[in-house]
file structure02.cif (mmCIF, C-alpha atoms)
data_structure
loop_
_atom_site.label_atom_id
_atom_site.label_comp_id
_atom_site.auth_asym_id
_atom_site.auth_seq_id
_atom_site.Cartn_x
_atom_site.Cartn_y
_atom_site.Cartn_z
CA MET A 300 -3.82 8.86 -15.08
CA ILE A 301 -5.45 9.11 -11.74
CA ASP A 302 -8.30 6.98 -10.60
CA GLY A 303 -11.25 9.16 -9.79
CA SER A 304 -12.92 6.94 -7.24
CA PRO A 305 -12.91 8.30 -3.69
CA GLN A 306 -10.40 6.16 -1.80
CA ARG A 307 -9.91 5.49 1.90
CA LYS A 308 -6.44 5.42 3.43
CA LYS A 309 -5.39 2.20 5.22
CA PRO A 310 -8.84 0.60 4.96
CA THR A 311 -10.14 -2.34 6.95
CA PHE A 312 -12.63 -5.03 5.95
CA ARG A 313 -15.43 -3.17 7.68
CA VAL A 314 -18.52 -4.13 5.70
CA THR A 315 -20.01 -7.48 4.76
CA PHE A 316 -19.77 -6.94 1.01
CA PHE A 317 -16.06 -6.26 1.28
CA VAL A 318 -15.48 -9.15 3.69
CA SER A 319 -17.29 -11.66 1.50
CA VAL A 320 -14.83 -11.15 -1.35
CA GLY A 321 -11.92 -10.41 0.95
CA VAL A 322 -12.34 -13.69 2.80
CA ILE A 323 -11.70 -15.64 -0.40
CA ALA A 324 -8.78 -13.46 -1.43
CA GLY A 325 -7.37 -13.49 2.09
CA PHE A 326 -7.63 -17.25 2.29
CA ILE A 327 -5.86 -17.70 -1.03
CA PHE A 328 -3.04 -15.35 -0.10
CA GLY A 329 -2.72 -17.00 3.29
CA VAL A 330 -2.17 -20.34 1.60
CA VAL A 331 0.31 -18.80 -0.83
CA VAL A 332 2.34 -17.28 2.00
CA ALA A 333 2.30 -20.58 3.88
CA ASN A 334 3.40 -22.49 0.79
CA ARG A 335 6.33 -20.16 0.24
CA GLN A 336 7.36 -20.44 3.86
CA ASN A 337 7.39 -24.23 3.46
CA GLY A 338 9.66 -24.01 0.46
CA GLN A 339 6.88 -24.27 -2.14
CA SER A 340 6.35 -21.63 -4.81
CA ASN A 341 3.20 -22.72 -6.66
CA PRO A 342 0.38 -20.25 -6.01
CA LEU A 343 -2.03 -22.51 -7.93
CA HIS A 344 -2.17 -24.82 -4.89
CA ALA A 345 -4.24 -22.11 -3.23
CA LEU A 346 -6.63 -21.87 -6.15
CA GLU A 347 -7.02 -25.63 -6.18
CA ALA A 348 -8.10 -25.51 -2.55
CA VAL A 349 -10.66 -22.80 -3.25
CA SER A 350 -12.02 -24.53 -6.36
CA GLY A 351 -14.15 -26.82 -4.17
CA LEU A 352 -16.46 -23.91 -3.35
CA ALA A 353 -18.88 -24.73 -6.22
CA PRO A 354 -20.31 -28.00 -7.60
CA ASN A 355 -17.96 -29.63 -10.13
CA ALA A 356 -15.59 -26.70 -9.71
CA GLN A 357 -12.63 -29.02 -9.13
CA ARG A 358 -13.18 -30.74 -12.48
CA VAL A 359 -13.62 -27.40 -14.25
CA TYR A 360 -10.48 -26.04 -12.62
CA ASP A 361 -8.44 -29.15 -13.48
CA GLY A 362 -9.68 -29.17 -17.08
CA ILE A 363 -8.92 -25.50 -17.75
CA LEU A 364 -5.51 -25.66 -16.06
CA HIS A 365 -4.53 -28.83 -17.95
CA ALA A 366 -5.60 -27.33 -21.30
CA ILE A 367 -3.61 -24.14 -20.71
CA GLN A 368 -0.50 -25.99 -19.58
CA THR A 369 -0.52 -28.58 -22.36
CA GLU A 370 -2.37 -27.13 -25.37
CA TYR A 371 -2.03 -23.34 -25.26
CA ALA A 372 0.13 -22.30 -28.23
CA HIS A 373 2.10 -19.49 -26.64
CA GLN A 374 4.14 -21.20 -23.95
CA PRO A 375 5.48 -20.85 -21.37
CA VAL A 376 2.70 -19.64 -19.08
CA THR A 377 3.90 -19.23 -15.49
CA ASN A 378 1.87 -20.28 -12.47
CA GLU A 379 2.17 -16.72 -11.17
CA THR A 380 0.57 -15.37 -14.36
CA LEU A 381 -2.33 -17.80 -14.02
CA PHE A 382 -2.77 -17.00 -10.35
CA TYR A 383 -2.89 -13.24 -10.80
CA GLY A 384 -5.19 -13.69 -13.78
CA ALA A 385 -7.54 -15.70 -11.60
CA MET A 386 -7.53 -12.98 -8.95
CA SER A 387 -8.31 -10.36 -11.57
CA GLY A 388 -11.17 -12.49 -12.86
CA LEU A 389 -12.56 -12.94 -9.35
CA VAL A 390 -12.90 -9.20 -8.90
CA ARG A 391 -13.93 -8.54 -12.50
CA SER A 392 -16.85 -10.97 -12.09
CA LEU A 393 -18.54 -8.33 -9.92
CA GLY A 394 -19.21 -6.29 -13.04
CA ASP A 395 -18.11 -3.10 -11.28
CA PRO A 396 -15.69 -0.95 -13.32
CA TYR A 397 -14.30 0.62 -10.12
CA SER A 398 -13.41 -2.64 -8.34
CA THR A 399 -10.02 -3.98 -9.44
CA PHE A 400 -7.26 -6.37 -8.45
CA PHE A 401 -3.77 -4.94 -8.93
CA THR A 402 -0.67 -7.08 -9.32
CA PRO A 403 2.32 -5.73 -7.35
CA ALA A 404 3.57 -3.83 -10.41
CA ASP A 405 0.12 -2.45 -11.16
CA ALA A 406 -0.32 -1.48 -7.51
CA GLN A 407 2.79 0.69 -7.68
CA SER A 408 1.54 2.32 -10.86
CA PHE A 409 -1.80 3.02 -9.19
CA GLN A 410 -0.07 4.73 -6.26
CA ASN A 411 1.84 6.88 -8.76
CA ASP A 412 -1.50 7.78 -10.31
CA LEU A 413 -2.89 8.93 -6.97
CA ASN A 414 0.19 11.08 -6.46
CA LEU A 415 -0.15 12.60 -9.94
CA SER A 416 3.22 11.25 -11.04
CA VAL A 417 3.21 8.88 -14.00
CA ASP A 418 4.38 8.34 -17.56
CA GLY A 419 1.27 8.67 -19.67
CA ILE A 420 -1.05 11.21 -21.25
CA GLY A 421 -2.26 12.89 -18.05
CA ALA A 422 -5.99 12.20 -18.22
CA GLU A 423 -8.55 10.61 -15.94
CA VAL A 424 -10.30 7.66 -17.55
CA GLY A 425 -13.68 6.51 -16.27
CA ALA A 426 -16.77 4.60 -17.30
CA LYS A 427 -20.20 6.08 -17.97
CA ASP A 428 -23.21 4.10 -19.20
CA GLY A 429 -20.91 1.21 -20.07
CA GLN A 430 -18.60 3.35 -22.19
CA LEU A 431 -15.00 4.26 -21.40
CA VAL A 432 -14.67 8.04 -21.36
CA ILE A 433 -12.19 10.81 -20.66
CA ILE A 434 -13.38 12.32 -17.38
CA ALA A 435 -10.77 15.05 -17.30
CA PRO A 436 -7.44 15.91 -18.95
CA LEU A 437 -5.04 17.35 -16.41
CA PRO A 438 -3.89 20.96 -16.88
CA GLN A 439 -0.95 21.33 -19.27
CA SER A 440 -0.91 17.56 -19.82
CA PRO A 441 -0.24 15.82 -23.16
CA ALA A 442 -3.95 14.90 -23.22
CA GLU A 443 -5.04 18.52 -22.91
CA LYS A 444 -2.50 19.71 -25.48
CA ALA A 445 -3.67 17.03 -27.94
CA GLY A 446 -7.25 18.27 -27.66
CA LEU A 447 -8.91 15.60 -25.53
CA LYS A 448 -11.98 16.88 -23.67
CA PRO A 449 -14.13 15.71 -20.73
CA GLY A 450 -16.81 13.32 -21.98
CA ASP A 451 -14.85 12.05 -24.98
CA ALA A 452 -15.70 8.38 -25.53
CA ILE A 453 -12.68 6.12 -25.94
CA VAL A 454 -13.69 3.83 -28.81
CA GLN A 455 -10.28 2.33 -29.61
CA ILE A 456 -6.79 2.35 -28.12
CA ASP A 457 -4.06 1.74 -30.70
CA GLY A 458 -6.63 0.07 -32.93
CA GLN A 459 -8.05 -2.19 -30.20
CA ASP A 460 -11.77 -1.93 -29.51
CA THR A 461 -12.47 -0.95 -25.90
CA THR A 462 -15.85 -2.68 -25.54
CA ASN A 463 -14.56 -5.42 -23.26
CA LEU A 464 -12.00 -3.34 -21.34
CA ASN A 465 -12.58 -2.08 -17.82
CA VAL A 466 -11.21 1.25 -16.61
CA ASP A 467 -7.91 -0.07 -15.28
CA GLN A 468 -7.21 -2.19 -18.35
CA ALA A 469 -7.74 0.88 -20.51
CA VAL A 470 -5.44 2.93 -18.29
CA GLN A 471 -2.69 0.33 -18.61
CA LYS A 472 -2.96 0.40 -22.40
CA ILE A 473 -2.94 4.19 -22.58
CA ARG A 474 -0.03 4.54 -20.19
CA GLY A 475 3.46 4.05 -21.60
CA LYS A 476 7.01 5.28 -21.74
CA ALA A 477 7.50 9.02 -22.10
CA GLY A 478 8.11 9.99 -25.73
CA THR A 479 6.02 7.20 -27.21
CA VAL A 480 2.67 7.78 -28.94
CA VAL A 481 -0.74 6.30 -28.23
CA LYS A 482 -3.46 6.57 -30.88
CA LEU A 483 -7.01 6.97 -29.60
CA LEU A 484 -10.22 6.77 -31.59
CA ILE A 485 -12.49 9.25 -29.82
CA GLY A 486 -16.25 9.65 -30.03
CA ARG A 487 -17.53 13.21 -29.63
CA ASN A 488 -20.90 14.72 -30.53
CA GLY A 489 -21.91 11.68 -32.55
CA LYS A 490 -18.72 11.62 -34.62
CA THR A 491 -15.40 9.79 -34.26
CA GLN A 492 -11.89 11.12 -34.75
CA ASP A 493 -8.35 9.88 -34.31
CA ILE A 494 -6.25 11.72 -31.75
CA SER A 495 -2.59 10.81 -31.30
CA VAL A 496 -1.06 11.72 -27.94
CA THR A 497 2.66 11.72 -27.17
CA ARG A 498 3.17 10.39 -23.66
CA ASP A 499 5.26 12.27 -21.15
CA HIS A 500 6.18 12.15 -17.47
CA VAL A 501 3.33 13.96 -15.81
CA VAL A 502 3.71 15.52 -12.35
CA VAL A 503 0.99 17.96 -11.40
CA PRO A 504 0.57 19.83 -8.08
CA SER A 505 -2.82 18.96 -6.62
CA VAL A 506 -3.55 22.53 -5.45
CA THR A 507 -2.61 25.92 -6.87
CA SER A 508 -3.74 29.44 -6.02
CA ARG A 509 -3.60 32.92 -7.56
CA THR A 510 -5.31 36.28 -7.29
CA VAL A 511 -7.91 37.24 -9.91
CA GLY A 512 -10.18 40.21 -10.41
CA ASP A 513 -10.75 42.62 -7.56
CA LYS A 514 -9.00 40.88 -4.67
CA LEU A 515 -10.46 37.43 -5.28
CA GLN A 516 -8.54 34.21 -4.59
CA LEU A 517 -8.78 31.47 -7.21
CA VAL A 518 -7.94 28.08 -5.65
CA THR A 519 -7.69 25.22 -8.13
CA ILE A 520 -7.77 21.66 -6.82
CA VAL A 521 -6.75 19.20 -9.54
CA SER A 522 -7.30 16.06 -7.44
CA PHE A 523 -7.49 14.93 -3.82
CA ASN A 524 -4.38 13.08 -2.67
CA ASP A 525 -1.85 13.01 0.17
CA ASP A 526 -0.46 16.42 -0.79
CA THR A 527 -3.78 18.25 -1.05
CA VAL A 528 -4.42 19.09 2.61
CA PRO A 529 -0.83 20.24 3.39
CA ALA A 530 -0.73 22.37 0.22
CA LEU A 531 -4.13 23.87 0.97
CA ASN A 532 -3.03 24.64 4.52
CA THR A 533 -0.35 27.01 3.20
CA ILE A 534 -2.86 28.63 0.85
CA ILE A 535 -5.39 29.11 3.66
CA GLN A 536 -2.78 30.79 5.84
CA ASN A 537 -2.21 33.30 3.03
CA ILE A 538 -5.96 33.78 2.64
CA LEU A 539 -6.34 34.52 6.35
CA LEU A 540 -3.49 37.01 6.11
CA ASN A 541 -4.62 38.79 2.93
CA LYS A 542 -8.40 38.62 3.56
CA PRO A 543 -9.70 38.37 -0.03
CA LYS A 544 -13.21 39.54 -0.84
CA GLY A 545 -14.11 36.06 -2.02
CA ILE A 546 -12.80 32.63 -2.94
CA ILE A 547 -13.33 30.81 -6.23
CA LEU A 548 -12.82 27.09 -5.69
CA ASP A 549 -12.13 25.56 -9.10
CA LEU A 550 -13.01 21.85 -9.19
CA ARG A 551 -13.46 21.64 -12.95
CA ASN A 552 -11.96 18.47 -14.43
CA ASN A 553 -11.10 17.24 -10.92
CA PRO A 554 -11.62 13.46 -11.14
CA GLY A 555 -11.59 12.83 -7.36
CA GLY A 556 -9.11 10.91 -5.24
CA LEU A 557 -8.97 10.33 -1.48
CA LEU A 558 -12.30 10.70 0.32
CA ASP A 559 -10.68 11.74 3.60
CA SER A 560 -8.88 14.56 1.80
CA ALA A 561 -12.15 15.89 0.37
CA VAL A 562 -13.79 15.73 3.80
CA SER A 563 -10.91 17.65 5.36
CA VAL A 564 -11.06 20.35 2.68
CA ALA A 565 -14.81 20.72 3.15
CA GLY A 566 -14.21 21.15 6.87
CA GLU A 567 -12.21 24.31 6.21
CA PHE A 568 -15.46 25.95 5.05
CA LEU A 569 -18.08 24.03 7.05
CA GLY A 570 -16.40 22.97 10.30
CA LYS A 571 -17.37 19.94 12.37
CA THR A 572 -20.47 18.89 10.47
CA VAL A 573 -21.55 16.00 8.26
CA ILE A 574 -19.77 16.21 4.91
CA VAL A 575 -20.90 12.96 3.27
CA ARG A 576 -23.13 9.99 4.07
CA GLU A 577 -22.32 6.42 3.10
CA ARG A 578 -24.61 3.40 2.82
CA ASP A 579 -23.01 -0.05 2.82
CA ALA A 580 -24.18 -3.40 1.43
CA GLN A 581 -26.31 -4.05 4.51
CA GLY A 582 -28.04 -0.69 4.26
CA LYS A 583 -26.19 0.68 7.28
CA GLU A 584 -25.49 4.40 7.11
CA ASN A 585 -22.20 5.92 8.18
CA VAL A 586 -21.40 9.62 8.20
CA ASP A 587 -18.08 11.33 7.58
CA SER A 588 -17.61 14.63 9.40
CA ALA A 589 -14.72 17.04 9.44
CA SER A 590 -12.62 16.80 12.61
CA HIS A 591 -11.71 20.48 12.84
CA ASP A 592 -13.33 23.90 13.03
CA ALA A 593 -13.78 25.93 9.87
CA ARG A 594 -10.97 28.38 9.28
CA ILE A 595 -12.91 30.09 6.47
CA PRO A 596 -16.47 30.08 7.85
CA SER A 597 -17.80 33.24 6.23
CA THR A 598 -15.73 34.44 3.25
CA PRO A 599 -18.02 34.21 0.17
CA VAL A 600 -17.29 31.15 -1.98
CA VAL A 601 -18.12 30.16 -5.54
CA VAL A 602 -17.36 26.61 -6.71
CA LEU A 603 -16.69 25.95 -10.40
CA VAL A 604 -17.66 22.49 -11.71
CA ASN A 605 -18.20 20.74 -15.03
CA GLY A 606 -18.66 17.29 -16.50
CA GLY A 607 -15.09 16.41 -15.50
CA SER A 608 -15.76 17.06 -11.80
CA ALA A 609 -16.24 13.63 -10.29
CA SER A 610 -16.31 11.54 -7.15
CA ALA A 611 -14.46 13.28 -4.28
CA ALA A 612 -14.85 16.60 -6.10
CA GLU A 613 -18.60 16.01 -6.11
CA ILE A 614 -18.50 15.20 -2.40
CA LEU A 615 -17.00 18.63 -1.69
CA ALA A 616 -19.31 20.49 -4.07
CA GLY A 617 -22.38 18.64 -2.79
CA ALA A 618 -21.60 19.39 0.85
CA LEU A 619 -21.06 23.09 0.18
CA GLN A 620 -24.24 23.25 -1.90
CA ASP A 621 -26.36 21.49 0.73
CA ALA A 622 -25.12 23.87 3.42
CA LYS A 623 -25.69 26.88 1.12
CA ARG A 624 -22.10 27.81 1.92
CA ALA A 625 -21.19 28.32 -1.73
CA THR A 626 -22.74 29.08 -5.08
CA ILE A 627 -22.08 26.30 -7.57
CA VAL A 628 -21.37 27.57 -11.10
CA GLY A 629 -20.73 25.71 -14.35
CA GLN A 630 -22.03 22.47 -15.85
CA LYS A 631 -23.57 19.33 -14.36
CA THR A 632 -20.91 17.11 -12.76
CA PHE A 633 -19.93 13.57 -13.76
CA GLY A 634 -22.10 11.58 -11.35
CA LYS A 635 -19.82 9.13 -9.50
CA GLY A 636 -21.48 8.17 -6.23
CA SER A 637 -19.57 5.16 -4.88
CA VAL A 638 -16.73 4.68 -2.40
CA GLN A 639 -13.82 2.27 -2.75
CA THR A 640 -11.32 0.96 -0.23
CA LEU A 641 -7.78 -0.06 -1.09
CA GLU A 642 -6.41 -3.13 0.71
CA LYS A 643 -2.70 -3.92 0.45
CA LEU A 644 -2.13 -7.69 0.31
CA PRO A 645 0.92 -9.59 1.61
CA ASP A 646 2.75 -9.89 -1.71
CA GLY A 647 2.43 -6.21 -2.66
CA SER A 648 -0.71 -6.63 -4.74
CA GLU A 649 -3.79 -4.60 -3.88
CA LEU A 650 -7.56 -4.98 -3.97
CA LYS A 651 -9.67 -1.90 -4.78
CA LEU A 652 -13.29 -2.66 -4.01
CA THR A 653 -16.52 -0.69 -4.04
CA ILE A 654 -17.94 -0.88 -0.52
CA ALA A 655 -20.60 1.82 -0.34
CA ALA A 656 -22.75 4.36 -2.10
CA TRP A 657 -22.39 7.93 -0.93
CA PHE A 658 -24.90 10.74 -0.56
CA THR A 659 -24.73 14.43 0.19
CA PRO A 660 -25.38 15.60 3.78
CA LYS A 661 -29.08 16.08 2.92
CA GLY A 662 -29.27 12.56 1.50
CA ARG A 663 -29.14 13.39 -2.20
CA THR A 664 -27.75 10.73 -4.51
CA ILE A 665 -25.61 11.97 -7.38
CA ASP A 666 -24.64 8.61 -8.92
CA LYS A 667 -25.22 8.70 -12.70
CA VAL A 668 -27.05 12.00 -12.10
CA GLY A 669 -24.38 14.49 -11.07
CA ILE A 670 -24.75 17.80 -9.27
CA THR A 671 -26.70 20.52 -11.06
CA PRO A 672 -25.05 23.93 -10.57
CA ASP A 673 -26.96 26.80 -8.99
CA VAL A 674 -25.87 28.90 -11.98
CA VAL A 675 -25.47 27.00 -15.26
CA VAL A 676 -22.77 28.41 -17.54
CA ALA A 677 -21.33 26.71 -20.63
CA ASP A 678 -17.76 25.41 -20.56
CA PRO A 679 -15.21 27.74 -22.14
CA THR A 680 -14.11 26.81 -25.63
CA GLU A 681 -10.91 28.87 -25.62
CA ALA A 682 -8.12 29.38 -23.09
CA GLY A 683 -7.63 32.52 -21.03
CA ASP A 684 -9.44 34.12 -18.12
CA ALA A 685 -11.19 36.69 -20.31
CA LYS A 686 -12.80 33.93 -22.42
CA ASP A 687 -13.64 31.72 -19.43
CA ASP A 688 -17.32 32.55 -18.98
CA GLN A 689 -17.60 30.35 -15.89
CA LEU A 690 -14.75 32.13 -14.15
CA GLN A 691 -16.11 35.52 -15.22
CA ARG A 692 -19.55 34.64 -13.83
CA ALA A 693 -17.97 33.59 -10.52
CA MET A 694 -16.17 36.92 -10.33
CA GLN A 695 -19.43 38.77 -10.99
CA ILE A 696 -21.18 36.90 -8.18
CA LEU A 697 -18.42 37.73 -5.72
CA THR A 698 -17.99 41.37 -6.78
CA PRO A 699 -21.44 42.57 -7.84
CA LYS A 700 -21.68 45.97 -9.48
CA PRO A 701 -23.27 48.72 -7.33
#
call {"tool": "encode", "arguments": {"input": "structure02.cif", "output": "structure tokens"}}
result
Amino acid sequence: MIDGSPQRKKPTFRVTFFVSVGVIAGFIFGVVVANRQNGQSNPLHALEAVSGLAPNAQRVYDGILHAIQTEYAHQPVTNETLFYGAMSGLVRSLGDPYSTFFTPADAQSFQNDLNLSVDGIGAEVGAKDGQLVIIAPLPQSPAEKAGLKPGDAIVQIDGQDTTNLNVDQAVQKIRGKAGTVVKLLIGRNGKTQDISVTRDHVVVPSVTSRTVGDKLQLVTIVSFNDDTVPALNTIIQNILLNKPKGIILDLRNNPGGLLDSAVSVAGEFLGKTVIVRERDAQGKENVDSASHDARIPSTPVVVLVNGGSASAAEILAGALQDAKRATIVGQKTFGKGSVQTLEKLPDGSELKLTIAAWFTPKGRTIDKVGITPDVVVADPTEAGDAKDDQLQRAMQILTPKP
């Protein structure tokens, strides 16, 4: 399952909010590295040093550690387990479902998620109004085949209530070895139902393209990752060669991904202009602009969106809508308006942290609001192009009858 938050590649601690947490984490990991170099292997020494940051913190730290090591029933508990648990708690204390500490193993799993290669059910899990939800099942995934839909609330995972789980904890519980089954209690339209999903190894291309209707090119972007821009480059070359009458850019159920990838894709239609605005913890505004000229500056475009279109997908749709470069068709989008950076730490663990809110080029906020389409059309309830009213409406816009 991919994480839908827009991510930055090779981030730096560039804003105060990120530095303030990163300083603590960086200090701890610096001590850990030093201890290991000196022949020590107890990461709790670093936590002990940091515990003096608050009044009586040393006594609290000593008391909790002593109780766990001497009284906890399920021994043994390793120092490494306690250390990584403390790091997770440090980030979790922010109360932000999109900021997470990953252990080295979890960090590798997260990278697999971004690359759309993982053993699981093939669905994007997010949080909305404090509730874990299915943002989007991936095409042809076990989740889609089992009947999961965007907006489904995840009430239980294998009988465990999800109230106190954040997004990444839920993802870890849903993920599992191919061939095994996960049982989800789903809330939909005021009712609950059990849905069992058989996990599989899910590898999905981030971009696909095909011809529809009267010489129209349907380009479907499933997520924004490292492969998106190279794959789209090949598709654009074919578009320039074949000169379709119009392009339908399908972002439905696209949960997001890498911010820079979304900016680059937007640049193919808009050129060197502002694609997204960011506002950091200090209120400073930064703008992200495409670095290249538009290769498709004038071919008519319709963008398809729905409630599963989130984050980086909303960045692209919002930029095209603001510039009046495309007609947006479908349902209101998810409403994920924050940016995360991913910092790789010395031991292979990673810190994903929310560092900014983002806005469309005209300054619109979409967080918890979403993007309202120019043409509202209900989501299809059955498969097939002929029964896809959103796709059919896009085709009508691009090939109007005389």
call {"tool": "resolve_selection", "arguments": {"input": "structure02.cif", "expression": "the PyMOL selection byres ((chain A and resi 559) around 12)", "output": "ChimeraX atom specification"}}
result
/A:305-310,523-525,527-528,555-558,560-566,574-575,586-590,611-612,614-615,638-640
call {"tool": "closest_residue", "arguments": {"input": "structure02.cif", "among": "A:Asn537, A:Asn553, A:Asn378, A:Ser597", "to": "A:Ala609", "atoms": "only C-alpha atoms"}}
result
A:Asn553
call {"tool": "atom_distance", "arguments": {"input": "structure02.cif", "atom1": "atom CA of A:Ile538", "atom2": "atom CA of A:Ala693"}}
result
17.8 Å
call {"tool": "atom_distance", "arguments": {"input": "structure02.cif", "atom1": "atom CA of A:Pro441", "atom2": "atom CA of A:Thr497"}}
result
6.4 Å
call {"tool": "resolve_selection", "arguments": {"input": "structure02.cif", "expression": "the PyMOL selection byres ((chain A and resi 646) around 9)", "output": "PyMOL selection string"}}
result
chain A and resi 328+332+402-403+643-645+647-649
call {"tool": "resolve_selection", "arguments": {"input": "structure02.cif", "expression": "the PyMOL selection byres ((chain A and resi 480) around 10)", "output": "JSON, numbers by chain"}}
result
{"A": [419, 420, 457, 473, 474, 475, 476, 477, 478, 479, 481, 482, 483, 495, 496, 497, 498, 499]}
call {"tool": "atom_distance", "arguments": {"input": "structure02.cif", "atom1": "atom CA of A:Gln691", "atom2": "atom CA of A:Ala435"}}
result
21.3 Å
call {"tool": "closest_residue", "arguments": {"input": "structure02.cif", "among": "A:Ser440, A:Thr377, A:Thr369, A:Thr659", "to": "A:His500", "atoms": "all atoms listed in the file"}}
result
A:Ser440
call {"tool": "residues_around", "arguments": {"input": "structure02.cif", "residues": "stretch 460-465 of chain A", "least_positions_apart": "4", "cutoff": "6 Å", "atoms": "only C-alpha atoms", "output": "PDB file with C-alpha atoms, in the frame of the given file"}}
result
ATOM      1  CA  PRO A 396     -15.690  -0.950 -13.320  1.00  0.00           C
ATOM      2  CA  VAL A 454     -13.690   3.830 -28.810  1.00  0.00           C
ATOM      3  CA  GLN A 455     -10.280   2.330 -29.610  1.00  0.00           C
TER       4      GLN A 455
END
call {"tool": "residues_around", "arguments": {"input": "structure02.cif", "residues": "A:Leu603", "least_positions_apart": "6", "cutoff": "9 Å", "atoms": "only C-alpha atoms", "output": "count of residues only"}}
result
15
call {"tool": "closest_residue", "arguments": {"input": "structure02.cif", "among": "A:Asn488, A:Thr680, A:Ser408, A:Ser508", "to": "A:Gln471", "atoms": "all atoms listed in the file"}}
result
A:Ser408
call {"tool": "closest_residue", "arguments": {"input": "structure02.cif", "among": "A:Ala618, A:Ala385, A:Val390, A:Val466", "to": "A:Thr664", "atoms": "all atoms listed in the file"}}
result
A:Ala618
call {"tool": "residues_around", "arguments": {"input": "structure02.cif", "residues": "A:Ile453", "least_positions_apart": "2", "cutoff": "7 Å", "atoms": "all atoms listed in the file", "output": "VMD selection string"}}
result
chain A and resid 431 to 432 451 455 483 to 486
call {"tool": "write_last_selection", "arguments": {"input": "structure02.cif", "atoms": "C-alpha atoms", "output": "mmCIF file, keeping the file's coordinate frame"}}
result
data_model
loop_
_atom_site.group_PDB
_atom_site.id
_atom_site.type_symbol
_atom_site.label_atom_id
_atom_site.label_comp_id
_atom_site.auth_asym_id
_atom_site.auth_seq_id
_atom_site.Cartn_x
_atom_site.Cartn_y
_atom_site.Cartn_z
ATOM 1 C CA LEU A 431 -15.000 4.260 -21.400
ATOM 2 C CA VAL A 432 -14.670 8.040 -21.360
ATOM 3 C CA ASP A 451 -14.850 12.050 -24.980
ATOM 4 C CA GLN A 455 -10.280 2.330 -29.610
ATOM 5 C CA LEU A 483 -7.010 6.970 -29.600
ATOM 6 C CA LEU A 484 -10.220 6.770 -31.590
ATOM 7 C CA ILE A 485 -12.490 9.250 -29.820
ATOM 8 C CA GLY A 486 -16.250 9.650 -30.030
#
call {"tool": "closest_residue", "arguments": {"input": "structure02.cif", "among": "A:Asn411, A:Thr653, A:Thr671, A:Thr507", "to": "A:Ala580", "atoms": "only C-alpha atoms"}}
result
A:Thr653
call {"tool": "residues_around", "arguments": {"input": "structure02.cif", "residues": "A:Lys667", "least_positions_apart": "5", "cutoff": "12 Å", "atoms": "only C-alpha atoms", "output": "PyMOL selection string"}}
result
chain A and resi 426-429+606+609-610+613+631-637+656
